[in-house]
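Engineer: Here you go, this is entry-v9.txt (compact mmCIF, C-alpha atoms and all ligand atoms).
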# COMPACT_ATOMS: atom_id res chain seq x y z
CA MET G 1 0.00 0.00 0.00
CA TYR G 2 1.47 3.33 -0.99
CA TRP G 3 0.38 6.74 -2.11
CA GLU G 4 2.44 9.85 -1.84
CA LYS G 5 1.89 12.60 0.68
CA TYR G 6 1.74 16.04 -0.95
CA SER G 7 2.62 19.38 0.59
CA ARG G 8 -0.13 21.84 1.30
CA GLN G 9 1.13 24.00 -1.56
CA LYS G 10 1.10 21.12 -4.02
CA ILE G 11 -2.43 20.12 -2.99
CA ARG G 12 -3.58 23.70 -3.46
CA ASP G 13 -1.92 23.99 -6.87
CA LEU G 14 -3.31 20.69 -8.15
CA VAL G 15 -6.86 21.50 -7.07
CA PHE G 16 -6.67 24.94 -8.68
CA GLU G 17 -5.24 23.34 -11.82
CA GLY G 18 -8.27 21.00 -11.85
CA ILE G 19 -10.73 23.83 -11.38
CA GLY G 20 -8.87 25.77 -14.09
CA LYS G 21 -9.43 23.00 -16.63
CA ASN G 22 -13.17 23.00 -15.95
CA LEU G 23 -15.55 25.38 -17.63
CA ASN G 24 -15.71 28.59 -15.62
CA TYR G 25 -19.34 29.76 -15.52
CA ARG G 26 -18.24 33.34 -14.95
CA ASP G 27 -15.75 33.58 -17.84
CA SER G 28 -17.77 31.72 -20.43
CA PRO G 29 -21.42 31.82 -19.41
CA PRO G 30 -23.06 28.55 -20.46
CA ILE G 31 -26.39 29.10 -22.10
CA GLY G 32 -27.34 25.47 -22.74
CA LEU G 33 -26.16 23.73 -19.58
CA PRO G 34 -28.54 23.93 -16.64
CA ALA G 35 -25.32 24.35 -14.68
CA SER G 36 -25.66 25.81 -11.24
CA TYR G 37 -24.08 29.14 -11.51
CA LEU G 38 -23.96 29.98 -7.81
CA ASP G 39 -25.73 33.16 -6.80
CA PRO G 40 -22.93 35.76 -7.22
CA LYS G 41 -24.33 38.03 -4.52
CA VAL G 42 -24.07 35.34 -1.85
CA PHE G 43 -21.21 33.20 -3.19
CA TYR G 44 -18.86 35.80 -4.62
CA SER G 45 -15.81 34.28 -6.17
CA ASP G 46 -13.46 37.14 -5.33
CA ALA G 47 -13.60 36.60 -1.55
CA PRO G 48 -9.94 37.05 -0.60
CA PHE G 49 -9.56 33.84 1.45
CA LEU G 50 -10.60 31.65 -1.49
CA SER G 51 -7.20 31.78 -3.17
CA GLU G 52 -5.77 29.71 -0.31
CA ALA G 53 -8.84 27.52 0.20
CA PRO G 54 -8.98 24.85 -2.54
CA PHE G 55 -12.02 23.00 -1.16
CA MET G 56 -14.08 26.17 -0.71
CA SER G 57 -12.98 27.33 -4.15
CA THR G 58 -14.24 24.09 -5.65
CA MET G 59 -17.54 24.62 -3.84
CA VAL G 60 -17.86 28.09 -5.36
CA ALA G 61 -16.82 26.85 -8.82
CA ASN G 62 -19.54 24.18 -8.32
CA PRO G 63 -18.53 21.48 -10.82
CA ASN G 64 -21.19 18.84 -11.42
CA HIS G 65 -19.69 15.32 -11.37
CA ILE G 66 -22.85 13.70 -12.70
CA GLY G 67 -22.18 10.19 -14.04
CA CYS G 68 -19.24 7.82 -13.54
CA HIS G 69 -15.76 8.94 -14.60
CA THR G 70 -13.75 5.73 -14.43
CA MET G 71 -15.26 4.45 -17.69
CA GLY G 72 -16.89 5.70 -20.88
CA ASP G 73 -17.38 9.38 -21.69
CA SER G 74 -18.10 12.16 -19.23
CA GLU G 75 -19.22 15.77 -19.38
CA PRO G 76 -16.13 17.41 -20.91
CA VAL G 77 -16.73 20.75 -19.19
CA PHE G 78 -15.72 19.38 -15.77
CA SER G 79 -12.82 17.17 -16.87
CA GLY G 80 -10.33 18.92 -14.56
CA THR G 81 -11.94 17.95 -11.26
CA GLN G 82 -13.27 14.64 -12.65
CA ALA G 83 -9.61 13.65 -13.11
CA ILE G 84 -9.08 14.23 -9.37
CA GLU G 85 -12.03 11.96 -8.59
CA LYS G 86 -10.66 9.33 -10.95
CA GLU G 87 -7.31 9.38 -9.17
CA LEU G 88 -9.08 9.11 -5.81
CA ILE G 89 -11.04 6.03 -6.93
CA GLU G 90 -7.86 4.43 -8.28
CA ILE G 91 -5.98 5.03 -5.01
CA CYS G 92 -8.78 3.41 -3.00
CA ALA G 93 -9.11 0.45 -5.38
CA THR G 94 -5.43 -0.34 -5.90
CA GLN G 95 -3.70 0.86 -2.73
CA ILE G 96 -6.34 0.23 -0.07
CA PHE G 97 -8.07 -2.80 -1.59
CA GLY G 98 -5.33 -4.44 -3.64
CA ALA G 99 -6.90 -4.23 -7.11
CA GLU G 100 -4.76 -4.35 -10.26
CA PRO G 101 -4.57 -0.92 -11.97
CA GLU G 102 -7.70 0.17 -13.87
CA THR G 103 -9.77 -2.88 -12.95
CA VAL G 104 -12.33 -1.12 -10.79
CA ASP G 105 -15.06 1.43 -11.49
CA GLY G 106 -16.46 3.76 -8.91
CA TYR G 107 -17.61 7.21 -7.92
CA VAL G 108 -18.15 9.47 -4.95
CA ALA G 109 -21.65 8.77 -3.69
CA SER G 110 -23.77 10.67 -1.19
CA GLY G 111 -22.72 8.27 1.57
CA GLY G 112 -22.43 4.66 2.65
CA THR G 113 -26.13 4.05 2.12
CA GLU G 114 -25.99 5.01 -1.53
CA ALA G 115 -22.68 3.17 -2.03
CA ASN G 116 -24.25 0.00 -0.64
CA ILE G 117 -27.44 0.33 -2.65
CA GLN G 118 -25.55 1.15 -5.86
CA SER G 119 -23.56 -2.08 -5.45
CA PHE G 120 -26.71 -4.12 -4.80
CA TRP G 121 -28.44 -2.49 -7.75
CA VAL G 122 -25.62 -3.36 -10.16
CA LEU G 123 -25.42 -6.90 -8.80
CA ARG G 124 -29.17 -7.47 -8.91
CA ASN G 125 -29.31 -6.27 -12.51
CA TYR G 126 -26.33 -8.48 -13.39
CA PHE G 127 -28.18 -11.51 -12.01
CA ILE G 128 -31.29 -10.52 -13.97
CA GLN G 129 -29.67 -9.44 -17.23
CA GLU G 130 -26.83 -11.96 -17.49
CA LEU G 131 -28.13 -15.00 -15.64
CA GLY G 132 -31.84 -14.64 -16.34
CA ALA G 133 -32.80 -14.39 -12.66
CA SER G 134 -36.17 -13.11 -11.52
CA HIS G 135 -36.53 -10.82 -8.50
CA GLU G 136 -37.85 -13.64 -6.32
CA GLU G 137 -34.74 -15.71 -7.06
CA ILE G 138 -32.32 -13.12 -5.65
CA GLY G 139 -31.56 -12.94 -1.94
CA MET G 140 -29.36 -10.65 0.15
CA VAL G 141 -27.61 -12.20 3.13
CA TYR G 142 -26.39 -9.98 5.97
CA SER G 143 -25.76 -10.23 9.69
CA SER G 144 -28.21 -8.91 12.24
CA ASP G 145 -25.51 -6.38 13.23
CA ALA G 146 -25.38 -5.00 9.67
CA HIS G 147 -26.38 -1.42 8.91
CA TYR G 148 -30.01 -0.62 8.13
CA SER G 149 -29.10 0.25 4.55
CA MET G 150 -29.27 -3.53 3.84
CA PRO G 151 -33.02 -3.86 4.58
CA LYS G 152 -33.48 -0.49 2.88
CA GLY G 153 -31.77 -1.87 -0.24
CA VAL G 154 -33.78 -5.09 -0.13
CA ASN G 155 -36.97 -3.06 0.03
CA LEU G 156 -36.04 -0.72 -2.83
CA LEU G 157 -34.73 -3.45 -5.09
CA ASN G 158 -37.58 -5.85 -4.44
CA ILE G 159 -35.39 -8.83 -3.57
CA LYS G 160 -35.46 -11.30 -0.67
CA SER G 161 -33.62 -10.82 2.58
CA ILE G 162 -31.87 -13.38 4.77
CA CYS G 163 -30.79 -11.82 8.05
CA ALA G 164 -28.30 -14.01 9.91
CA PRO G 165 -28.28 -13.88 13.71
CA VAL G 166 -24.96 -13.30 15.47
CA ASP G 167 -23.43 -14.73 18.62
CA GLU G 168 -24.06 -12.36 21.53
CA GLU G 169 -20.41 -12.36 22.66
CA SER G 170 -18.30 -12.71 19.50
CA ARG G 171 -20.78 -10.80 17.29
CA LEU G 172 -19.94 -13.35 14.57
CA ILE G 173 -22.63 -14.87 12.37
CA ASP G 174 -24.02 -18.12 13.76
CA LEU G 175 -23.09 -20.39 10.86
CA ASP G 176 -25.38 -23.27 11.81
CA LYS G 177 -28.39 -21.00 11.84
CA LEU G 178 -27.24 -19.38 8.61
CA GLU G 179 -26.86 -22.79 6.98
CA ASN G 180 -30.47 -23.61 7.89
CA SER G 181 -31.71 -20.28 6.52
CA LEU G 182 -29.77 -20.83 3.31
CA ASN G 183 -31.28 -24.27 2.87
CA ASP G 184 -34.74 -22.80 3.46
CA ALA G 185 -33.98 -20.02 0.99
CA THR G 186 -32.91 -22.52 -1.65
CA LYS G 187 -36.07 -24.53 -1.08
CA SER G 188 -38.17 -21.38 -1.49
CA GLY G 189 -36.55 -20.77 -4.90
CA ILE G 190 -33.72 -18.33 -4.18
CA LYS G 191 -30.83 -19.11 -6.53
CA TYR G 192 -28.62 -16.02 -6.52
CA PHE G 193 -27.09 -14.50 -3.42
CA ILE G 194 -25.66 -11.10 -2.57
CA LEU G 195 -23.54 -11.81 0.50
CA VAL G 196 -22.82 -8.68 2.52
CA MET G 197 -19.71 -8.81 4.67
CA ASN G 198 -19.19 -6.11 7.29
CA MET G 199 -15.71 -4.71 7.34
CA SER G 200 -16.77 -3.42 10.66
CA THR G 201 -20.27 -3.00 11.90
CA THR G 202 -21.31 0.44 13.07
CA MET G 203 -22.20 -0.54 16.63
CA PHE G 204 -19.45 -3.03 17.50
CA GLY G 205 -16.62 -2.60 15.03
CA SER G 206 -16.94 -6.34 14.45
CA VAL G 207 -15.60 -7.76 11.18
CA ASP G 208 -17.41 -10.71 9.63
CA ASP G 209 -15.49 -13.97 9.27
CA MET G 210 -15.32 -14.02 5.51
CA HIS G 211 -13.36 -17.25 5.31
CA ALA G 212 -16.07 -19.15 7.18
CA ALA G 213 -18.85 -17.54 5.15
CA ILE G 214 -17.22 -18.42 1.82
CA GLU G 215 -16.65 -21.98 2.98
CA LEU G 216 -20.30 -22.32 3.89
CA PHE G 217 -21.56 -20.86 0.60
CA GLU G 218 -19.17 -23.05 -1.40
CA SER G 219 -20.09 -26.18 0.53
CA LEU G 220 -23.74 -25.53 -0.36
CA ASN G 221 -22.81 -24.89 -3.99
CA LEU G 222 -24.49 -21.51 -4.00
CA ASN G 223 -24.17 -18.85 -6.67
CA PHE G 224 -23.00 -15.76 -4.78
CA LYS G 225 -21.00 -12.57 -4.92
CA ILE G 226 -19.73 -10.54 -2.00
CA HIS G 227 -20.29 -6.88 -1.25
CA VAL G 228 -18.11 -5.50 1.54
CA ASP G 229 -19.68 -2.77 3.63
CA GLY G 230 -16.65 -0.72 4.61
CA ALA G 231 -18.66 2.43 5.32
CA TYR G 232 -17.43 2.42 8.88
CA GLY G 233 -14.15 0.50 8.75
CA GLY G 234 -12.92 1.15 5.21
CA PHE G 235 -10.40 3.76 6.28
CA ILE G 236 -9.39 1.82 9.42
CA TYR G 237 -9.27 -1.95 9.03
CA PRO G 238 -7.13 -2.15 5.84
CA PHE G 239 -4.58 0.04 7.63
CA SER G 240 -4.48 -1.96 10.85
CA ALA G 241 -4.95 -5.57 9.68
CA LYS G 242 -3.58 -7.73 6.90
CA ASN G 243 -6.49 -9.71 5.48
CA GLU G 244 -6.33 -10.52 1.78
CA LEU G 245 -9.89 -11.80 1.84
CA TYR G 246 -11.04 -8.21 2.35
CA SER G 247 -9.50 -7.08 -0.94
CA PHE G 248 -10.03 -7.31 -4.67
CA GLN G 249 -7.48 -10.16 -4.62
CA ASN G 250 -10.39 -12.27 -3.37
CA LYS G 251 -12.28 -13.43 -6.47
CA HIS G 252 -15.61 -13.52 -4.63
CA VAL G 253 -15.46 -9.83 -3.77
CA PHE G 254 -17.57 -7.83 -6.17
CA SER G 255 -17.68 -4.40 -4.56
CA PHE G 256 -16.79 -2.19 -1.59
CA SER G 257 -18.40 0.81 -0.02
CA LEU G 258 -16.55 3.36 2.08
CA ASP G 259 -17.52 6.50 3.93
CA ALA G 260 -15.03 9.34 4.00
CA HIS G 261 -17.41 11.37 6.18
CA LYS G 262 -16.79 9.02 9.10
CA MET G 263 -13.18 8.23 10.03
CA LEU G 264 -11.62 10.34 7.28
CA MET G 265 -13.39 13.41 8.65
CA SER G 266 -14.48 14.88 5.32
CA PRO G 267 -17.71 16.83 4.70
CA TYR G 268 -21.00 14.92 4.42
CA GLY G 269 -21.72 13.67 0.94
CA THR G 270 -18.50 11.66 0.65
CA GLY G 271 -19.34 7.99 0.30
CA ILE G 272 -17.27 5.94 -2.13
CA VAL G 273 -18.39 2.96 -4.17
CA LEU G 274 -15.92 0.59 -5.86
CA ILE G 275 -17.15 -2.10 -8.25
CA ARG G 276 -15.09 -4.56 -10.27
CA LYS G 277 -14.84 -3.43 -13.90
CA GLY G 278 -17.27 -4.90 -16.38
CA TYR G 279 -20.39 -4.73 -14.22
CA ILE G 280 -21.46 -1.12 -13.59
CA GLU G 281 -22.90 -1.11 -17.12
CA HIS G 282 -25.80 -3.08 -15.64
CA ALA G 283 -26.92 0.08 -13.88
CA MET G 284 -26.80 2.25 -16.98
CA THR G 285 -29.86 4.37 -17.51
CA LYS G 286 -29.97 4.48 -21.28
CA GLU G 287 -32.61 7.19 -21.20
CA ALA G 288 -30.08 9.61 -19.63
CA ASN G 289 -29.59 11.16 -23.03
CA TYR G 290 -28.76 14.68 -22.02
CA VAL G 291 -25.81 13.47 -19.92
CA LYS G 292 -22.67 13.04 -21.99
CA GLY G 293 -21.60 9.40 -21.50
CA LYS G 294 -25.00 8.47 -19.93
CA ASP G 295 -25.48 7.81 -16.22
CA TYR G 296 -24.42 4.69 -14.31
CA THR G 297 -25.05 6.08 -10.84
CA LEU G 298 -27.96 6.21 -8.48
CA ILE G 299 -27.57 9.86 -7.60
CA GLY G 300 -27.50 11.99 -10.79
CA SER G 301 -26.07 15.47 -10.20
CA ARG G 302 -23.47 15.64 -7.46
CA SER G 303 -20.85 18.12 -6.33
CA GLY G 304 -17.28 17.67 -7.55
CA ALA G 305 -16.14 19.41 -4.36
CA ASN G 306 -16.86 16.23 -2.40
CA ALA G 307 -14.39 14.22 -4.44
CA VAL G 308 -11.83 17.01 -4.07
CA ALA G 309 -12.28 17.00 -0.27
CA ILE G 310 -11.54 13.26 0.03
CA TRP G 311 -8.60 13.46 -2.33
CA MET G 312 -7.14 16.38 -0.35
CA ILE G 313 -7.30 14.43 2.92
CA LEU G 314 -5.69 11.32 1.43
CA ARG G 315 -2.94 13.44 -0.13
CA ALA G 316 -2.38 15.50 3.01
CA TYR G 317 -1.49 12.35 4.97
CA GLY G 318 -0.11 9.97 2.36
CA SER G 319 -0.54 6.28 3.08
CA ASP G 320 2.21 6.28 5.73
CA GLY G 321 0.69 9.22 7.55
CA TRP G 322 -2.75 7.64 7.57
CA LYS G 323 -1.38 4.32 8.83
CA ALA G 324 0.39 6.15 11.65
CA LYS G 325 -2.80 7.95 12.59
CA ILE G 326 -4.78 4.72 12.75
CA ALA G 327 -2.01 3.06 14.80
CA GLU G 328 -2.23 5.89 17.31
CA LEU G 329 -6.02 5.55 17.62
CA LEU G 330 -5.66 1.81 18.19
CA ASP G 331 -3.00 2.37 20.87
CA ARG G 332 -5.39 4.68 22.64
CA SER G 333 -8.20 2.12 22.27
CA ASP G 334 -5.92 -0.55 23.79
CA TRP G 335 -5.20 1.74 26.71
CA LEU G 336 -8.90 2.43 27.27
CA CYS G 337 -9.64 -1.31 27.23
CA GLU G 338 -7.00 -1.86 29.94
CA GLN G 339 -8.64 0.83 32.04
CA LEU G 340 -12.05 -0.83 31.60
CA ASN G 341 -10.57 -4.23 32.48
CA LYS G 342 -9.22 -2.80 35.74
CA ARG G 343 -12.71 -1.64 36.61
CA GLY G 344 -14.43 -4.88 35.66
CA ILE G 345 -16.44 -3.33 32.82
CA SER G 346 -17.40 -5.84 30.10
CA TYR G 347 -17.21 -4.78 26.50
CA PHE G 348 -16.80 -5.98 22.94
CA ARG G 349 -13.81 -4.84 20.94
CA HIS G 350 -12.25 -6.07 17.71
CA PRO G 351 -8.47 -5.70 18.28
CA LYS G 352 -7.93 -3.95 14.93
CA MET G 353 -10.73 -1.43 15.38
CA ASN G 354 -11.26 1.72 17.41
CA ILE G 355 -14.78 1.00 18.69
CA ILE G 356 -15.36 -0.17 22.26
CA THR G 357 -18.91 -1.26 23.00
CA MET G 358 -19.67 -1.67 26.69
CA LYS G 359 -22.31 -3.74 28.46
CA PRO G 360 -24.69 -1.42 30.30
CA ASP G 361 -24.61 -3.04 33.78
CA LEU G 362 -21.96 -0.77 35.29
CA ILE G 363 -22.50 2.23 33.05
CA ASP G 364 -24.69 4.85 34.61
CA ARG G 365 -27.18 6.32 32.16
CA SER G 366 -26.38 9.91 33.12
CA LEU G 367 -22.67 9.21 32.55
CA ALA G 368 -23.43 7.77 29.14
CA GLU G 369 -25.52 10.81 28.32
CA LYS G 370 -22.94 13.28 29.58
CA TYR G 371 -20.34 11.82 27.17
CA PHE G 372 -22.79 11.20 24.31
CA LEU G 373 -22.11 7.48 24.25
CA VAL G 374 -24.24 5.86 21.56
CA PRO G 375 -26.68 3.12 22.60
CA ASP G 376 -27.64 0.21 20.37
CA ASP G 377 -31.26 1.07 21.11
CA HIS G 378 -32.28 4.46 22.44
CA ASP G 379 -35.31 3.09 24.34
CA SER G 380 -33.61 0.22 26.13
CA PRO G 381 -29.84 0.20 25.71
CA SER G 382 -28.07 -3.16 25.91
CA TRP G 383 -24.78 -1.60 24.84
CA TRP G 384 -23.05 1.78 24.91
CA LYS G 385 -20.28 2.52 22.48
CA ILE G 386 -17.20 4.71 22.49
CA VAL G 387 -15.50 5.58 19.22
CA VAL G 388 -11.87 6.55 19.72
CA MET G 389 -11.28 9.34 17.23
CA ASP G 390 -8.81 12.25 17.18
CA HIS G 391 -10.84 14.36 19.55
CA VAL G 392 -11.29 11.47 22.00
CA ASN G 393 -7.86 12.16 23.42
CA GLU G 394 -6.18 11.11 26.66
CA GLY G 395 -7.55 14.14 28.52
CA VAL G 396 -11.15 13.46 27.53
CA LEU G 397 -10.79 9.78 28.39
CA ASP G 398 -9.26 10.65 31.78
CA HIS G 399 -12.28 12.80 32.57
CA PHE G 400 -14.60 10.02 31.51
CA LEU G 401 -12.78 7.46 33.68
CA LEU G 402 -12.80 9.79 36.71
CA ASP G 403 -16.54 10.26 36.31
CA LEU G 404 -16.96 6.53 35.79
CA ASP G 405 -15.07 5.86 39.03
CA LYS G 406 -17.40 8.24 40.89
CA THR G 407 -20.49 6.41 39.64
CA LEU G 408 -18.90 3.07 40.54
CA GLU G 409 -18.17 4.28 44.10
CA ASN G 410 -21.74 5.49 44.52
CA ALA G 411 -23.26 2.32 43.14
C1 LIG Q 501 -22.67 4.73 8.47
C2 LIG Q 501 -22.77 3.41 7.85
C3 LIG Q 501 -23.52 3.20 6.68
C4 LIG Q 501 -24.35 4.28 6.03
O1 LIG Q 501 -23.65 5.40 5.76
P1 LIG Q 501 -24.32 6.82 5.49
O2 LIG Q 501 -23.12 7.57 5.09
O3 LIG Q 501 -24.94 7.28 6.75
O4 LIG Q 501 -25.29 6.65 4.38
C5 LIG Q 501 -23.54 1.92 6.14
N1 LIG Q 501 -22.87 0.92 6.72
C6 LIG Q 501 -22.14 1.09 7.85
C7 LIG Q 501 -21.41 -0.08 8.42
C8 LIG Q 501 -22.06 2.34 8.44
O5 LIG Q 501 -21.34 2.49 9.56
How would this structure read if it were set down as structure tokens?
Ligand SMILES: *Cc1c(COP(=O)(O)O)cnc(C)c1O
Structural biologist:
Amino acid sequence: MYWEKYSRQKIRDLVFEGIGKNLNYRDSPPIGLPASYLDPKVFYSDAPFLSEAPFMSTMVANPNHIGCHTMGDSEPVFSGTQAIEKELIEICATQIFGAEPETVDGYVASGGTEANIQSFWVLRNYFIQELGASHEEIGMVYSSDAHYSMPKGVNLLNIKSICAPVDEESRLIDLDKLENSLNDATKSGIKYFILVMNMSTTMFGSVDDMHAAIELFESLNLNFKIHVDGAYGGFIYPFSAKNELYSFQNKHVFSFSLDAHKMLMSPYGTGIVLIRKGYIEHAMTKEANYVKGKDYTLIGSRSGANAVAIWMILRAYGSDGWKAKIAELLDRSDWLCEQLNKRGISYFRHPKMNIITMKPDLIDRSLAEKYFLVPDDHDSPSWWKIVVMDHVNEGVLDHFLLDLDKTLENA
């Protein structure tokens, strides 16, 4: 895994170069394009700080990245910033997820939800268009700890769902129960499976055992492809763990989703979807005639500034810088776990993740509320989670532990 870290000056220059290659609404007013010329009274482009603010400048320039830019044609008027998005997708595919160069398509989606649903949509249409499947013959398999965008996707795409229960302690899928559900599914006529693997669940930071899942699906001779939901862990797990199964080197892996607006701390609207080349065509809307190169995405119009924001963060750290940052967060998570051990607090934690999810017995509700711990269920919490991010530093954790000790003394 390697991508170069750029200086602040170089990042600025490259973003401005990208904007410069795009059509500038103000210099050459487009009459035909319904391009969003931002209101010049509110968003004036000569604000002095903009010359040193590449992200804000891209916002004001307002390029529309409609469509998918890793394949086919694209709107030529925004080619400068589209090239930045293309480089971003290639870095994620090849350096984070081990793909060979130019073997993955993708785009910057509105978030993890859209990235997941886009992948399901392409895969469902592949099953229908290439293998002659009907809707009733397609099932999506996911763990009961998976994000709610799975049932949302099942509902939108009119396919069947198979939700696999997990073990209460390990948070791993109960394979015996899953085997039974898969046999039932086969009996009820499901022939094609979208297997969702969590590269960290939102609540626990648990990572599904992909090896075991593949073994089970192969032993049952099922026709399946894997989508990895990396919306939470995509910018963590590949940097902390070596697991080739969670990469494009694994032939069963069809697609990944990532969210830059979680761990990468970019603005909202920065999901990423990565799909093996040769498939996204199944989501082409051929009626999208006014879009140069047609549209292969769920979203339609979208801001090029989002792609620029993610690219800037990745370039500001470089792969080594990002690895070091994740290592530091995991060290701090280790330390917090030791402190909880000393106090007899039970919790779940995956050793390569920065989420610590505590059992509620010894956690006072007012303490949880004071520190904005997130419950699994707001009405009756069975778990409270802590996410160790930059701002959850030693000082904040010390305060939390002091308060925790007070509640433990009073209990
Ligand atoms: C947050 C999250 C999503 C959904 O992401 P949005 O950006 O909120 O749409 C999907 N899966 C997982 C595991 C997540 O943590």
Engineer: Throw together the list of residues within 7 Å of ligand LIG 501 (chain Q), counting only C-alpha atoms and all ligand atoms, and drop it here as number ranges by chain.
Structural biologist: G: 111-114, 146-147, 149, 198, 200-202, 229-232, 259, 261, 271
Engineer: List as a list in words the protein and nucleic acid residues near Lys10 (chain G), meaning an atom at most 12 Å away when all atoms listed in the file are counted, but skip any in the same chain fewer than 4 places from it.
Structural biologist: Glu4, Lys5, Tyr6, Leu14, Val15, Phe16, Glu17, Glu52, Pro54, Met312, Arg315 and Ala316 of chain G
Engineer: Print the selection's residues with C-alpha atoms to a file, as a PDB file, keeping the file's coordinate frame.
Structural biologist:
ATOM      1  CA  GLU G   4       2.440   9.850  -1.840  1.00  0.00           C
ATOM      2  CA  LYS G   5       1.890  12.600   0.680  1.00  0.00           C
ATOM      3  CA  TYR G   6       1.740  16.040  -0.950  1.00  0.00           C
ATOM      4  CA  LEU G  14      -3.310  20.690  -8.150  1.00  0.00           C
ATOM      5  CA  VAL G  15      -6.860  21.500  -7.070  1.00  0.00           C
ATOM      6  CA  PHE G  16      -6.670  24.940  -8.680  1.00  0.00           C
ATOM      7  CA  GLU G  17      -5.240  23.340 -11.820  1.00  0.00           C
ATOM      8  CA  GLU G  52      -5.770  29.710  -0.310  1.00  0.00           C
ATOM      9  CA  PRO G  54      -8.980  24.850  -2.540  1.00  0.00           C
ATOM     10  CA  MET G 312      -7.140  16.380  -0.350  1.00  0.00           C
ATOM     11  CA  ARG G 315      -2.940  13.440  -0.130  1.00  0.00           C
ATOM     12  CA  ALA G 316      -2.380  15.500   3.010  1.00  0.00           C
TER      13      ALA G 316
END
Engineer: Please indicate the distance in Å from CA of Asp398 (chain G) to CA of Phe204 (chain G), rounded to one decimal place.
Structural biologist: 22.2 Å
Engineer: Could you please determine the separation between CA of Ser219 (chain G) and CA of Asn250 (chain G) in Å, to one decimal place?
Structural biologist: 17.4 Å
Engineer: Suppose you want the space between CA of Tyr279 (chain G) and CA of Pro76 (chain G); what is it in Å?
Structural biologist: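 That distance, rounded to one decimal, is 23.5 Å.
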Engineer: Between G:Leu404, G:Leu131, G:Ile173, G:Ile236, which has the minimum distance to Lys370 (chain G) (counting all atoms listed in the file)?
Structural biologist: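 The closest residue to Lys370 (chain G) is G:Leu404.
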Engineer: Restricting the calculation to only C-alpha atoms, which member of G:His227, G:Arg26, G:Lys160, G:Lys242 is positioned closest to Asp39 (chain G)?
Structural biologist: G:Arg26
Engineer: Just checking: using only C-alpha atoms, which residue out of G:Ile345, G:Ile280, G:Ile194, G:Ile313 ends up closest to Pro360 (chain G)?
Structural biologist: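 Selected residue with least distance to Pro360 (chain G): G:Ile345.
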